[in-house]
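Listing of my_file-v2.cif; format and content: mmCIF, N, CA and C atoms.
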data_my_file
#
loop_
_atom_site.label_atom_id
_atom_site.label_comp_id
_atom_site.auth_asym_id
_atom_site.auth_seq_id
_atom_site.Cartn_x
_atom_site.Cartn_y
_atom_site.Cartn_z
N GLN A 15 -20.80 -7.32 -41.39
CA GLN A 15 -20.84 -7.30 -39.94
C GLN A 15 -19.47 -7.64 -39.38
N PHE A 16 -19.15 -6.94 -38.33
CA PHE A 16 -17.89 -7.18 -37.65
C PHE A 16 -18.17 -7.95 -36.37
N ALA A 17 -17.45 -9.01 -36.16
CA ALA A 17 -17.57 -9.79 -34.93
C ALA A 17 -16.19 -9.86 -34.30
N PHE A 18 -16.09 -9.30 -33.12
CA PHE A 18 -14.82 -9.31 -32.40
C PHE A 18 -14.82 -10.44 -31.39
N SER A 19 -13.73 -11.14 -31.35
CA SER A 19 -13.59 -12.17 -30.32
C SER A 19 -13.07 -11.50 -29.04
N ARG A 20 -13.11 -12.26 -27.97
CA ARG A 20 -12.63 -11.74 -26.68
C ARG A 20 -11.16 -11.36 -26.76
N ARG A 21 -10.39 -12.15 -27.47
CA ARG A 21 -8.96 -11.87 -27.62
C ARG A 21 -8.74 -10.57 -28.37
N ASP A 22 -9.55 -10.32 -29.40
CA ASP A 22 -9.43 -9.06 -30.15
C ASP A 22 -9.71 -7.86 -29.26
N ILE A 23 -10.71 -8.01 -28.42
CA ILE A 23 -11.08 -6.89 -27.54
C ILE A 23 -10.00 -6.65 -26.49
N THR A 24 -9.43 -7.73 -25.93
CA THR A 24 -8.38 -7.55 -24.93
C THR A 24 -7.12 -6.96 -25.54
N VAL A 25 -6.85 -7.27 -26.79
CA VAL A 25 -5.69 -6.67 -27.46
C VAL A 25 -5.95 -5.20 -27.75
N LEU A 26 -7.19 -4.89 -28.09
CA LEU A 26 -7.55 -3.52 -28.44
C LEU A 26 -7.51 -2.59 -27.23
N PHE A 27 -8.01 -3.07 -26.08
CA PHE A 27 -8.06 -2.25 -24.87
C PHE A 27 -6.95 -2.66 -23.92
N ASN A 28 -6.08 -1.76 -23.64
CA ASN A 28 -4.93 -1.99 -22.77
C ASN A 28 -5.31 -1.60 -21.34
N PRO A 29 -5.00 -2.45 -20.35
CA PRO A 29 -5.33 -2.09 -18.96
C PRO A 29 -4.60 -0.83 -18.48
N TRP A 30 -3.52 -0.47 -19.14
CA TRP A 30 -2.81 0.74 -18.75
C TRP A 30 -3.62 1.99 -19.03
N TRP A 31 -4.64 1.87 -19.89
CA TRP A 31 -5.49 3.03 -20.17
C TRP A 31 -6.22 3.48 -18.92
N LEU A 32 -6.61 2.53 -18.07
CA LEU A 32 -7.26 2.89 -16.80
C LEU A 32 -6.30 3.68 -15.91
N CYS A 33 -5.05 3.25 -15.88
CA CYS A 33 -4.04 3.98 -15.10
C CYS A 33 -3.87 5.39 -15.65
N GLY A 34 -3.81 5.51 -16.96
CA GLY A 34 -3.68 6.83 -17.58
C GLY A 34 -4.88 7.70 -17.32
N ALA A 35 -6.09 7.12 -17.40
CA ALA A 35 -7.30 7.89 -17.12
C ALA A 35 -7.31 8.36 -15.67
N GLY A 36 -6.92 7.48 -14.75
CA GLY A 36 -6.83 7.87 -13.34
C GLY A 36 -5.82 8.98 -13.12
N MET A 37 -4.71 8.91 -13.86
CA MET A 37 -3.69 9.95 -13.75
C MET A 37 -4.25 11.29 -14.21
N TYR A 38 -4.97 11.30 -15.33
CA TYR A 38 -5.50 12.56 -15.83
C TYR A 38 -6.58 13.12 -14.91
N VAL A 39 -7.40 12.26 -14.34
CA VAL A 39 -8.42 12.72 -13.38
C VAL A 39 -7.74 13.32 -12.15
N MET A 40 -6.69 12.67 -11.68
CA MET A 40 -5.95 13.20 -10.51
C MET A 40 -5.29 14.52 -10.85
N HIS A 41 -4.78 14.67 -12.05
CA HIS A 41 -4.17 15.94 -12.45
C HIS A 41 -5.20 17.07 -12.48
N VAL A 42 -6.38 16.79 -13.00
CA VAL A 42 -7.42 17.83 -13.03
C VAL A 42 -7.82 18.20 -11.60
N ALA A 43 -7.96 17.21 -10.73
CA ALA A 43 -8.28 17.51 -9.32
C ALA A 43 -7.18 18.33 -8.68
N CYS A 44 -5.93 18.00 -8.97
CA CYS A 44 -4.80 18.74 -8.41
C CYS A 44 -4.80 20.18 -8.91
N TRP A 45 -5.01 20.36 -10.20
CA TRP A 45 -5.04 21.72 -10.74
C TRP A 45 -6.18 22.52 -10.12
N THR A 46 -7.32 21.88 -9.96
CA THR A 46 -8.48 22.56 -9.38
C THR A 46 -8.19 23.01 -7.95
N VAL A 47 -7.58 22.14 -7.17
CA VAL A 47 -7.29 22.49 -5.77
C VAL A 47 -6.16 23.51 -5.68
N CYS A 48 -5.11 23.30 -6.45
CA CYS A 48 -3.94 24.18 -6.32
C CYS A 48 -4.18 25.58 -6.86
N LEU A 49 -5.11 25.74 -7.77
CA LEU A 49 -5.36 27.07 -8.31
C LEU A 49 -6.34 27.89 -7.48
N GLN A 50 -6.90 27.27 -6.45
CA GLN A 50 -7.78 28.01 -5.54
C GLN A 50 -6.93 28.74 -4.51
N SER A 51 -7.49 29.81 -3.97
CA SER A 51 -6.73 30.58 -2.97
C SER A 51 -6.97 30.07 -1.55
N LYS A 52 -7.95 29.22 -1.34
CA LYS A 52 -8.31 28.81 0.02
C LYS A 52 -7.48 27.68 0.62
N PRO A 53 -7.18 26.59 -0.11
CA PRO A 53 -6.52 25.48 0.58
C PRO A 53 -5.12 25.85 1.07
N ASN A 54 -4.78 25.28 2.23
CA ASN A 54 -3.45 25.56 2.78
C ASN A 54 -2.39 24.77 2.02
N ILE A 55 -1.17 25.03 2.35
CA ILE A 55 -0.04 24.44 1.62
C ILE A 55 0.03 22.92 1.82
N GLY A 56 -0.41 22.43 2.98
CA GLY A 56 -0.39 20.99 3.23
C GLY A 56 -1.29 20.22 2.28
N ILE A 57 -2.48 20.75 2.04
CA ILE A 57 -3.41 20.10 1.11
C ILE A 57 -2.87 20.16 -0.31
N ARG A 58 -2.30 21.29 -0.67
CA ARG A 58 -1.74 21.43 -2.01
C ARG A 58 -0.59 20.44 -2.22
N PHE A 59 0.31 20.33 -1.24
CA PHE A 59 1.42 19.38 -1.36
C PHE A 59 0.91 17.94 -1.44
N ARG A 60 -0.16 17.63 -0.72
CA ARG A 60 -0.71 16.28 -0.76
C ARG A 60 -1.18 15.95 -2.18
N TYR A 61 -1.92 16.86 -2.79
CA TYR A 61 -2.40 16.63 -4.16
C TYR A 61 -1.23 16.55 -5.15
N VAL A 62 -0.27 17.44 -5.02
CA VAL A 62 0.89 17.41 -5.93
C VAL A 62 1.68 16.12 -5.73
N GLY A 63 1.80 15.67 -4.50
CA GLY A 63 2.50 14.41 -4.24
C GLY A 63 1.82 13.22 -4.90
N PHE A 64 0.49 13.14 -4.78
CA PHE A 64 -0.24 12.05 -5.43
C PHE A 64 -0.13 12.14 -6.95
N CYS A 65 -0.17 13.36 -7.49
CA CYS A 65 -0.03 13.53 -8.94
C CYS A 65 1.35 13.05 -9.41
N CYS A 66 2.38 13.40 -8.68
CA CYS A 66 3.73 12.96 -9.05
C CYS A 66 3.83 11.44 -9.00
N PHE A 67 3.28 10.84 -7.94
CA PHE A 67 3.34 9.38 -7.82
C PHE A 67 2.63 8.70 -8.97
N ILE A 68 1.41 9.15 -9.27
CA ILE A 68 0.64 8.51 -10.34
C ILE A 68 1.31 8.72 -11.69
N SER A 69 1.91 9.89 -11.90
CA SER A 69 2.60 10.15 -13.17
C SER A 69 3.79 9.22 -13.34
N TRP A 70 4.58 9.03 -12.29
CA TRP A 70 5.72 8.13 -12.38
C TRP A 70 5.26 6.69 -12.52
N ALA A 71 4.17 6.31 -11.84
CA ALA A 71 3.65 4.95 -11.97
C ALA A 71 3.16 4.70 -13.40
N ALA A 72 2.57 5.72 -14.02
CA ALA A 72 2.08 5.56 -15.39
C ALA A 72 3.23 5.41 -16.39
N LEU A 73 4.39 5.92 -16.06
CA LEU A 73 5.54 5.77 -16.96
C LEU A 73 6.00 4.32 -17.07
N THR A 74 5.70 3.52 -16.07
CA THR A 74 6.17 2.13 -16.08
C THR A 74 5.51 1.31 -17.18
N GLN A 75 4.41 1.80 -17.75
CA GLN A 75 3.78 1.05 -18.83
C GLN A 75 4.70 0.90 -20.04
N TYR A 76 5.59 1.83 -20.22
CA TYR A 76 6.49 1.78 -21.37
C TYR A 76 7.61 0.77 -21.19
N PHE A 77 7.84 0.32 -19.96
CA PHE A 77 8.82 -0.73 -19.72
C PHE A 77 8.34 -2.08 -20.25
N GLU A 78 7.05 -2.20 -20.51
CA GLU A 78 6.48 -3.45 -20.99
C GLU A 78 7.12 -3.87 -22.32
N CYS A 79 7.58 -2.91 -23.08
CA CYS A 79 8.22 -3.21 -24.36
C CYS A 79 9.65 -3.71 -24.20
N PHE A 80 10.24 -3.53 -23.02
CA PHE A 80 11.61 -3.94 -22.76
C PHE A 80 11.62 -4.92 -21.58
N PRO A 81 11.60 -6.21 -21.83
CA PRO A 81 11.46 -7.21 -20.77
C PRO A 81 12.50 -7.09 -19.66
N GLY A 82 13.69 -6.65 -19.97
CA GLY A 82 14.72 -6.52 -18.94
C GLY A 82 14.38 -5.48 -17.90
N TYR A 83 13.64 -4.46 -18.30
CA TYR A 83 13.25 -3.41 -17.37
C TYR A 83 11.89 -3.66 -16.75
N TYR A 84 11.18 -4.62 -17.26
CA TYR A 84 9.83 -4.91 -16.78
C TYR A 84 9.85 -6.05 -15.76
N LEU A 85 11.01 -6.35 -15.24
CA LEU A 85 11.20 -7.51 -14.38
C LEU A 85 10.36 -7.46 -13.11
N ALA A 86 10.25 -6.30 -12.47
CA ALA A 86 9.48 -6.21 -11.22
C ALA A 86 8.01 -6.53 -11.46
N PHE A 87 7.44 -6.01 -12.52
CA PHE A 87 6.03 -6.27 -12.80
C PHE A 87 5.80 -7.70 -13.27
N HIS A 88 6.75 -8.24 -13.98
CA HIS A 88 6.65 -9.64 -14.40
C HIS A 88 6.68 -10.56 -13.17
N THR A 89 7.56 -10.28 -12.25
CA THR A 89 7.66 -11.07 -11.02
C THR A 89 6.39 -10.94 -10.20
N LEU A 90 5.86 -9.73 -10.07
CA LEU A 90 4.61 -9.55 -9.33
C LEU A 90 3.46 -10.29 -10.00
N GLY A 91 3.42 -10.28 -11.31
CA GLY A 91 2.36 -10.98 -12.02
C GLY A 91 2.39 -12.47 -11.78
N ILE A 92 3.58 -13.03 -11.69
CA ILE A 92 3.71 -14.46 -11.47
C ILE A 92 3.39 -14.82 -10.02
N SER A 93 3.81 -14.01 -9.07
CA SER A 93 3.71 -14.38 -7.66
C SER A 93 2.51 -13.79 -6.93
N LEU A 94 1.74 -12.94 -7.56
CA LEU A 94 0.66 -12.25 -6.85
C LEU A 94 -0.36 -13.20 -6.24
N GLY A 95 -0.72 -14.26 -6.93
CA GLY A 95 -1.70 -15.21 -6.40
C GLY A 95 -1.22 -15.87 -5.12
N ARG A 96 0.01 -16.31 -5.11
CA ARG A 96 0.55 -16.97 -3.91
C ARG A 96 0.69 -15.99 -2.75
N VAL A 97 1.11 -14.77 -3.05
CA VAL A 97 1.26 -13.77 -2.00
C VAL A 97 -0.10 -13.43 -1.39
N MET A 98 -1.13 -13.28 -2.22
CA MET A 98 -2.45 -12.97 -1.71
C MET A 98 -3.01 -14.11 -0.87
N ARG A 99 -2.78 -15.36 -1.29
CA ARG A 99 -3.22 -16.50 -0.48
C ARG A 99 -2.51 -16.51 0.87
N PHE A 100 -1.22 -16.20 0.87
CA PHE A 100 -0.48 -16.13 2.13
C PHE A 100 -1.04 -15.04 3.03
N LEU A 101 -1.31 -13.85 2.45
CA LEU A 101 -1.85 -12.76 3.25
C LEU A 101 -3.22 -13.10 3.83
N CYS A 102 -4.05 -13.76 3.04
CA CYS A 102 -5.37 -14.15 3.54
C CYS A 102 -5.26 -15.16 4.68
N SER A 103 -4.25 -15.99 4.65
CA SER A 103 -4.10 -16.97 5.72
C SER A 103 -3.46 -16.38 6.97
N ILE A 104 -2.68 -15.30 6.83
CA ILE A 104 -1.97 -14.74 7.98
C ILE A 104 -2.73 -13.60 8.66
N VAL A 105 -3.63 -12.94 7.94
CA VAL A 105 -4.35 -11.79 8.50
C VAL A 105 -5.15 -12.15 9.75
N PRO A 106 -5.89 -13.28 9.80
CA PRO A 106 -6.60 -13.59 11.05
C PRO A 106 -5.67 -13.78 12.25
N LEU A 107 -4.53 -14.40 12.02
CA LEU A 107 -3.57 -14.59 13.10
C LEU A 107 -3.00 -13.25 13.56
N PHE A 108 -2.67 -12.38 12.61
CA PHE A 108 -2.15 -11.05 12.95
C PHE A 108 -3.20 -10.26 13.73
N CYS A 109 -4.45 -10.30 13.29
CA CYS A 109 -5.52 -9.57 14.01
C CYS A 109 -5.71 -10.13 15.40
N GLY A 110 -5.60 -11.45 15.55
CA GLY A 110 -5.70 -12.04 16.89
C GLY A 110 -4.61 -11.52 17.82
N PHE A 111 -3.38 -11.48 17.35
CA PHE A 111 -2.29 -10.93 18.17
C PHE A 111 -2.48 -9.44 18.42
N MET A 112 -3.02 -8.73 17.45
CA MET A 112 -3.25 -7.30 17.61
C MET A 112 -4.24 -7.04 18.75
N PHE A 113 -5.37 -7.76 18.74
CA PHE A 113 -6.37 -7.54 19.78
C PHE A 113 -5.91 -8.09 21.13
N LEU A 114 -5.12 -9.15 21.13
CA LEU A 114 -4.54 -9.65 22.37
C LEU A 114 -3.61 -8.60 22.97
N GLY A 115 -2.81 -7.97 22.13
CA GLY A 115 -1.92 -6.92 22.61
C GLY A 115 -2.69 -5.73 23.17
N VAL A 116 -3.79 -5.35 22.54
CA VAL A 116 -4.60 -4.24 23.04
C VAL A 116 -5.21 -4.61 24.38
N CYS A 117 -5.71 -5.84 24.51
CA CYS A 117 -6.35 -6.25 25.76
C CYS A 117 -5.35 -6.44 26.91
N LEU A 118 -4.16 -6.95 26.62
CA LEU A 118 -3.18 -7.20 27.68
C LEU A 118 -2.36 -5.97 28.03
N PHE A 119 -1.99 -5.18 27.05
CA PHE A 119 -1.04 -4.08 27.26
C PHE A 119 -1.67 -2.72 26.97
N TRP A 120 -2.92 -2.54 27.30
CA TRP A 120 -3.64 -1.31 26.98
C TRP A 120 -3.04 -0.08 27.67
N ARG A 121 -2.28 -0.27 28.74
CA ARG A 121 -1.67 0.88 29.42
C ARG A 121 -0.43 1.40 28.70
N SER A 122 0.09 0.63 27.77
CA SER A 122 1.26 1.06 27.00
C SER A 122 0.83 1.96 25.85
N GLN A 123 1.66 2.93 25.53
CA GLN A 123 1.38 3.81 24.39
C GLN A 123 1.43 3.04 23.08
N LEU A 124 2.14 1.93 23.06
CA LEU A 124 2.29 1.16 21.83
C LEU A 124 1.05 0.32 21.50
N PHE A 125 0.19 0.10 22.50
CA PHE A 125 -0.98 -0.76 22.31
C PHE A 125 -2.27 -0.11 22.80
N THR A 126 -2.40 1.19 22.68
CA THR A 126 -3.60 1.88 23.18
C THR A 126 -4.84 1.59 22.34
N ASP A 127 -4.68 1.35 21.07
CA ASP A 127 -5.81 1.05 20.18
C ASP A 127 -5.33 0.07 19.11
N PRO A 128 -6.27 -0.50 18.35
CA PRO A 128 -5.85 -1.49 17.35
C PRO A 128 -4.88 -0.95 16.29
N ALA A 129 -5.03 0.31 15.90
CA ALA A 129 -4.13 0.85 14.88
C ALA A 129 -2.69 0.94 15.39
N SER A 130 -2.51 1.44 16.59
CA SER A 130 -1.15 1.53 17.14
C SER A 130 -0.60 0.14 17.45
N ALA A 131 -1.47 -0.79 17.87
CA ALA A 131 -1.02 -2.16 18.12
C ALA A 131 -0.56 -2.81 16.81
N ALA A 132 -1.30 -2.59 15.72
CA ALA A 132 -0.90 -3.16 14.44
C ALA A 132 0.43 -2.58 13.98
N ALA A 133 0.62 -1.28 14.17
CA ALA A 133 1.89 -0.66 13.78
C ALA A 133 3.04 -1.21 14.63
N SER A 134 2.80 -1.38 15.92
CA SER A 134 3.84 -1.93 16.80
C SER A 134 4.17 -3.37 16.44
N LEU A 135 3.15 -4.18 16.20
CA LEU A 135 3.41 -5.57 15.84
C LEU A 135 4.11 -5.69 14.49
N PHE A 136 3.74 -4.84 13.54
CA PHE A 136 4.41 -4.86 12.24
C PHE A 136 5.89 -4.50 12.41
N SER A 137 6.17 -3.51 13.24
CA SER A 137 7.56 -3.13 13.49
C SER A 137 8.31 -4.26 14.18
N LEU A 138 7.65 -4.92 15.14
CA LEU A 138 8.30 -6.03 15.82
C LEU A 138 8.58 -7.20 14.87
N MET A 139 7.64 -7.47 13.96
CA MET A 139 7.87 -8.55 12.98
C MET A 139 9.07 -8.26 12.09
N ASN A 140 9.31 -7.00 11.82
CA ASN A 140 10.43 -6.62 10.97
C ASN A 140 11.71 -6.37 11.75
N GLY A 141 11.68 -6.58 13.06
CA GLY A 141 12.88 -6.46 13.86
C GLY A 141 13.17 -5.06 14.36
N ASP A 142 12.25 -4.14 14.21
CA ASP A 142 12.45 -2.77 14.70
C ASP A 142 11.92 -2.65 16.13
N MET A 143 12.50 -1.78 16.88
CA MET A 143 12.08 -1.39 18.24
C MET A 143 11.79 -2.56 19.18
N ILE A 144 12.50 -3.66 19.03
CA ILE A 144 12.27 -4.82 19.89
C ILE A 144 12.65 -4.51 21.33
N HIS A 145 13.82 -3.94 21.53
CA HIS A 145 14.28 -3.66 22.89
C HIS A 145 13.39 -2.63 23.57
N ASP A 146 13.01 -1.58 22.86
CA ASP A 146 12.14 -0.56 23.45
C ASP A 146 10.78 -1.13 23.85
N THR A 147 10.23 -1.98 23.01
CA THR A 147 8.93 -2.58 23.32
C THR A 147 9.03 -3.51 24.52
N PHE A 148 10.08 -4.33 24.57
CA PHE A 148 10.24 -5.23 25.71
C PHE A 148 10.41 -4.45 27.00
N ASP A 149 11.21 -3.38 26.98
CA ASP A 149 11.39 -2.57 28.19
C ASP A 149 10.09 -1.93 28.65
N GLU A 150 9.32 -1.37 27.71
CA GLU A 150 8.08 -0.71 28.09
C GLU A 150 7.05 -1.70 28.61
N LEU A 151 6.92 -2.83 27.94
CA LEU A 151 5.92 -3.81 28.36
C LEU A 151 6.33 -4.53 29.64
N TYR A 152 7.61 -4.69 29.88
CA TYR A 152 8.06 -5.32 31.12
C TYR A 152 7.69 -4.45 32.32
N GLY A 153 7.77 -3.15 32.15
CA GLY A 153 7.37 -2.25 33.23
C GLY A 153 5.88 -2.29 33.51
N ILE A 154 5.08 -2.72 32.55
CA ILE A 154 3.63 -2.76 32.74
C ILE A 154 3.16 -4.13 33.18
N GLU A 155 3.60 -5.19 32.55
CA GLU A 155 3.08 -6.54 32.82
C GLU A 155 4.13 -7.51 33.35
N GLY A 156 5.35 -7.10 33.47
CA GLY A 156 6.37 -7.99 33.99
C GLY A 156 6.73 -9.10 33.02
N MET A 157 6.90 -10.32 33.54
CA MET A 157 7.35 -11.44 32.73
C MET A 157 6.31 -11.87 31.68
N LEU A 158 5.02 -11.59 31.91
CA LEU A 158 3.99 -11.93 30.94
C LEU A 158 4.27 -11.24 29.60
N ALA A 159 4.82 -10.04 29.67
CA ALA A 159 5.10 -9.28 28.45
C ALA A 159 6.21 -9.93 27.63
N HIS A 160 7.08 -10.68 28.24
CA HIS A 160 8.20 -11.28 27.51
C HIS A 160 7.79 -12.61 26.85
N LEU A 161 6.66 -13.15 27.22
CA LEU A 161 6.21 -14.38 26.59
C LEU A 161 5.65 -14.05 25.24
#
Have the structure of the file written as structure tokens, please.
Amino acid sequence: QFAFSRRDITVLFNPWWLCGAGMYVMHVACWTVCLQSKPNIGIRFRYVGFCCFISWAALTQYFECFPGYYLAFHTLGISLGRVMRFLCSIVPLFCGFMFLGVCLFWRSQLFTDPASAAASLFSLMNGDMIHDTFDELYGIEGMLAHL
């Protein structure tokens, strides 16, 4: 009788196999769509784009053998827990500001719905379009917009 321990099983099955299986499924879907005469070029490019991305992502598994090239994944593995805890703590605050922006500045194109408000706030957090947003919101709400 063979008895495998949990460690033996984890060594035997590599998590990259799931990535490879997903890549092959995406390739078959891409071939199926692209070989049909009906889909337009936009749909075909979308499938080919996803196939290219997944194929390049699957290549990174081979960097695991060379620690110097595997640095990005090693860093993500170490810091992922802390980053996820930070995101969980900041998401409610971000959503609060997003809905506040929709309720206060609904006449602005930047805050017409929650999706556009989230995009505008994300851009503002990164320092993009600050002047344009302040000018547009000042015309709608005056000094309240600058607070």
Please report the interatomic distance between atom C of Phe27 (chain A) and atom N of Cys79 (chain A) in Å with one decimal. 14.6 Å
Counting only C-alpha atoms, the residue among A:Ile23, A:Leu124, A:Phe111, A:Ser130 that lies closest to Ile144 (chain A) is A:Leu124
Would you list the contacts of region 37-47 of chain A as JSON, numbers by chain, taking every protein, DNA or RNA residue within 6.5 Å and counting all atoms listed in the file, but skipping same-chain residues closer than 5 positions in sequence? {"A": [32, 53, 58, 61, 62, 65, 68, 69]}
Spatial neighbours of His88 (chain A), max dist 12 Å, only C-alpha atoms, sep filter under 3 positions, as a VMD selection string: chain A and resid 74 to 75 77 to 85 91 to 94
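CA of Cys33 (chain A) is found 6.3 Å from CA of Ala72 (chain A).
For the atom pair formed by CA of Ser134 (chain A) and CA of Ser122 (chain A), the distance is 10.9 Å, given to one decimal.
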Residues near Asp127 (chain A), cut-off 7 Å, all atoms listed in the file, skip fewer than 5 positions along chain, as a PyMOL selection string: chain A and resi 116+120+132
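Comparing A:Phe119, A:Phe113, A:Phe108, A:Tyr76 by their smallest distance to Phe136 (chain A), the closest is A:Phe108 (using only C-alpha atoms).
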Using DSSP on the backbone coordinates, identify the residues of chain A assigned to helix (DSSP H, G or I); present them as number ranges by chain. A: 20-26, 30-48, 55-79, 85-118, 123-125, 128-139, 144-160
Need a file for region 32-44 of chain A from that block: N, CA, C and O atoms, written as an mmCIF file, in the first residue's frame.
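Written out: part.cif:
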data_model
loop_
_atom_site.group_PDB
_atom_site.id
_atom_site.type_symbol
_atom_site.label_atom_id
_atom_site.label_comp_id
_atom_site.auth_asym_id
_atom_site.auth_seq_id
_atom_site.Cartn_x
_atom_site.Cartn_y
_atom_site.Cartn_z
ATOM 1 N N LEU A 32 -2.563 24.619 -12.837
ATOM 2 C CA LEU A 32 -3.864 25.281 -13.023
ATOM 3 C C LEU A 32 -3.745 26.439 -14.010
ATOM 4 O O LEU A 32 -4.617 26.646 -14.849
ATOM 5 N N CYS A 33 -2.665 27.189 -13.901
ATOM 6 C CA CYS A 33 -2.428 28.284 -14.848
ATOM 7 C C CYS A 33 -2.274 27.738 -16.261
ATOM 8 O O CYS A 33 -2.832 28.284 -17.211
ATOM 9 N N GLY A 34 -1.528 26.660 -16.404
ATOM 10 C CA GLY A 34 -1.358 26.042 -17.718
ATOM 11 C C GLY A 34 -2.660 25.507 -18.270
ATOM 12 O O GLY A 34 -2.960 25.669 -19.457
ATOM 13 N N ALA A 35 -3.464 24.865 -17.416
ATOM 14 C CA ALA A 35 -4.760 24.353 -17.864
ATOM 15 C C ALA A 35 -5.668 25.499 -18.301
ATOM 16 O O ALA A 35 -6.354 25.411 -19.329
ATOM 17 N N GLY A 36 -5.667 26.589 -17.534
ATOM 18 C CA GLY A 36 -6.456 27.764 -17.928
ATOM 19 C C GLY A 36 -5.988 28.349 -19.245
ATOM 20 O O GLY A 36 -6.793 28.789 -20.072
ATOM 21 N N MET A 37 -4.676 28.332 -19.452
ATOM 22 C CA MET A 37 -4.123 28.838 -20.709
ATOM 23 C C MET A 37 -4.602 27.988 -21.883
ATOM 24 O O MET A 37 -5.030 28.513 -22.911
ATOM 25 N N TYR A 38 -4.569 26.665 -21.721
ATOM 26 C CA TYR A 38 -4.986 25.802 -22.817
ATOM 27 C C TYR A 38 -6.483 25.915 -23.088
ATOM 28 O O TYR A 38 -6.913 25.909 -24.244
ATOM 29 N N VAL A 39 -7.284 26.065 -22.050
ATOM 30 C CA VAL A 39 -8.729 26.260 -22.244
ATOM 31 C C VAL A 39 -8.978 27.571 -22.984
ATOM 32 O O VAL A 39 -9.806 27.635 -23.901
ATOM 33 N N MET A 40 -8.256 28.618 -22.607
ATOM 34 C CA MET A 40 -8.412 29.914 -23.285
ATOM 35 C C MET A 40 -7.969 29.819 -24.733
ATOM 36 O O MET A 40 -8.590 30.423 -25.616
ATOM 37 N N HIS A 41 -6.920 29.066 -25.012
ATOM 38 C CA HIS A 41 -6.472 28.895 -26.399
ATOM 39 C C HIS A 41 -7.523 28.180 -27.238
ATOM 40 O O HIS A 41 -7.787 28.580 -28.376
ATOM 41 N N VAL A 42 -8.133 27.153 -26.688
ATOM 42 C CA VAL A 42 -9.179 26.436 -27.435
ATOM 43 C C VAL A 42 -10.365 27.360 -27.690
ATOM 44 O O VAL A 42 -10.929 27.379 -28.791
ATOM 45 N N ALA A 43 -10.748 28.148 -26.689
ATOM 46 C CA ALA A 43 -11.848 29.111 -26.885
ATOM 47 C C ALA A 43 -11.478 30.135 -27.951
ATOM 48 O O ALA A 43 -12.313 30.496 -28.800
ATOM 49 N N CYS A 44 -10.241 30.596 -27.930
ATOM 50 C CA CYS A 44 -9.787 31.572 -28.923
ATOM 51 C C CYS A 44 -9.814 30.979 -30.320
ATOM 52 O O CYS A 44 -10.282 31.616 -31.266
#
